[in-house]
Amino acid sequence: MRIGILTHYNVYNLGAQLQMLALEAYLRDLGHKVKILTYEKNFDFMEGEKDRNSGSWKALPFYIKNYLFGKGLGLTWFNYRKVKAINRSIASHDLAPYDQSGCDAIVIGSDEVFSIDVGCNKMMYGYGLGDVPAIAYAPAFGRTTEELLKQFNCYDLVRDGLNKMFSLSARDTHTQDMIRSMTGRKVPLVCDPVLLYNCRSFSVQVHPIGKPYLLLYSYDANMKSQEEASEIRSFAEKHGLITVSLGTYHKWCDKNIVCGPMEWYSYFKDAACVVTDTFHGSIAAMNNHCNVAVFIRQSINAFKLQSLLEVTGLKGQLLSKVSEPELERVLSAPIDYESTDKRIAALAEDSGRYLKEALERVAHGEYHQAN
């Protein structure tokens with residue numbers, strides 16, 4: 001079949017890019033023709049964000065003030081090169097507008113496609129897809145709650161869209177609970193595509209670091225306080241490691257590496273340990289059997305990251321704070337990945353079954369019979 005993927009395709013986030021690559025590869029391995037669907041993102045709830053993300057001259061004053069002067073030349077130059085690297089990755093996909101896709105089915109997900117952080121993107125709830133069935137695979141609401149949907153007058157629109165979707169699942173328990181509360185539908189919990197797909201094919205040749213390293217993956221807005229930086233550097237120096245920030249810029253690290261999603265994933269393999277406060281940083285560490293320490297920031301990813309650590313049995317890798325004693329406690333012993341791999345394999349098997357069965361139902365005409 002011809003299948004479209006509707007996700008955050010043009011964000012400059014390496015985890016989001018990797019999950020898109022993984023879902024695309026998984027569907028192609030099943031024998032389907034796959035397109036990444038394009039759309040214009042809605043920024044109604046964050047004033048000025050549309051211009052900042054447009055890449056046009058309107059964004060210039062923002063970047064001069066907030067990046068060049070506000071954050072420095074190093075971060076500005078790093079992010080310029082990062083955008084170029086991710087744009088090359090995006091251009092490698094077969095792209096088509098979401099409302100003119102010519103597809104037999106559209107998979108919505110994964111990632112925070114149900115979130116309304118910056119605006120309400122109606123296509124993510126199945127609107128404007130014509131007569132093409134929508135299958136939600138591992139979608140997440142992120143920090144969005146029912147209260148927030150009501151506050152921004154989106155509740156009925158989102159609820160009605162979810163109710164009309166051909167097939168629904170959730171990536172985390174928060175999203176699963178919200179869907180059940182809003183629609184009465186008990187939907188399966190499925191894993192992120194990076195856990196679903198065997199990502200060995202994503203390993204590419206990268207420039208060797210040359211020294212044992214602690215790999216840091218955190219957005220440049222985080223892990224930047226003098227206190228956190230000092231604690232991580234102290235731990236690394238004690239263990240004879242250099243600090244490497246991968247895909248994001250942290251001035252205090254020994255190395256900052258610009259990379260695309262496949263290179264990003266490949267650097268995890270040889271890391272002595274990983275420190276992250278991100279969802280996909282945690283997943284990349286798990287897939288590469290890294291000794292990982294995870295810090296949850298309540299303001300950005302508490303729901304999904306807590307759920308991930310629970311289902312993989314890695315709650316013991318959670319830092320109570322970013323400090324040298326906590327890093328010593330969490331990273332003092334290697335992880336029993338035999339147990340974790342079994343959990344992930346079982347979840348991946350159930351998740352693959354969900355997606356395959358939904359696609360088979362479409363292929364057998366059940367969607368059109370029901371509509």
# chains A, B, ... in the order shown; residues from 1 in each chain; ligands from 1
$ select_by_dssp --residues "region 99-282 of chain A" --states "strand (DSSP E)" --output "MDAnalysis selection string"
chainID A and resid 105:108 134:136 213:217 242:246 255:257 273:276
$ closest_atom_pairs --of "region 229-348 of chain A" --to "region 81-104 of chain A" --cutoff "9 Å" --atoms "only C-alpha atoms" --output "Markdown table"
| residue | atom | partner | partner_atom | distance |
| --- | --- | --- | --- | --- |
| A:Gly247 | CA | A:Lys82 | CA | 7.2 |
| A:Thr248 | CA | A:Lys82 | CA | 8.3 |
| A:Val258 | CA | A:Lys82 | CA | 5.6 |
| A:Cys259 | CA | A:Ala85 | CA | 6.3 |
| A:Gly260 | CA | A:Ala85 | CA | 5.3 |
| A:Pro261 | CA | A:Ile86 | CA | 7.3 |
$ atom_distance --atom1 "CA of Val132 (chain A)" --atom2 "CA of Ile106 (chain A)"
6.8 Å
$ residues_around --residues "region 332-337 of chain A" --least-positions-apart "4" --cutoff "6 Å" --atoms "only C-alpha atoms" --output "PyMOL selection string"
chain A and resi 291+328+341
$ residues_around --residues "Asn121 (chain A)" --least-positions-apart "3" --cutoff "10 Å" --atoms "only C-alpha atoms" --output "JSON, numbers by chain"
{"A": [39, 40, 41, 42, 43, 44, 113, 114, 115, 116, 118, 124, 125, 126, 127, 158]}
$ atom_distance --atom1 "CA of Trp252 (chain A)" --atom2 "CA of Val322 (chain A)"
15.1 Å
$ atom_distance --atom1 "CA of Tyr367 (chain A)" --atom2 "CA of Leu6 (chain A)"
18.7 Å
$ select_by_dssp --residues "region 81-189 of chain A" --states "helix (DSSP H, G or I)" --output "NGL selection string"
:A and (81-91 or 98-100 or 122-125 or 146-151 or 155-164 or 173-183)
$ closest_residue --among "A:Gly130, A:Gly74, A:Gly142, A:Gly4" --to "Phe279 (chain A)" --atoms "only C-alpha atoms"
A:Gly142
$ residues_around --residues "region 178-181 of chain A" --least-positions-apart "5" --cutoff "10 Å" --atoms "only C-alpha atoms" --output "VMD selection string"
chain A and resid 140 to 141 144 to 146 158 to 159 162 to 163 168 to 170 173 186 to 187
$ residues_around --residues "region 19-23 of chain A" --least-positions-apart "4" --cutoff "6 Å" --atoms "only C-alpha atoms" --output "list in words"
Pro193, Val194 and Tyr197 of chain A
$ residues_around --residues "Ala138 (chain A)" --least-positions-apart "4" --cutoff "9 Å" --atoms "only C-alpha atoms" --output "PyMOL selection string"
chain A and resi 108-112+168-172+189-193+351
$ closest_residue --among "A:Thr312, A:Ser218, A:Ser225, A:Asn301" --to "Thr276 (chain A)" --atoms "only C-alpha atoms"
A:Ser218
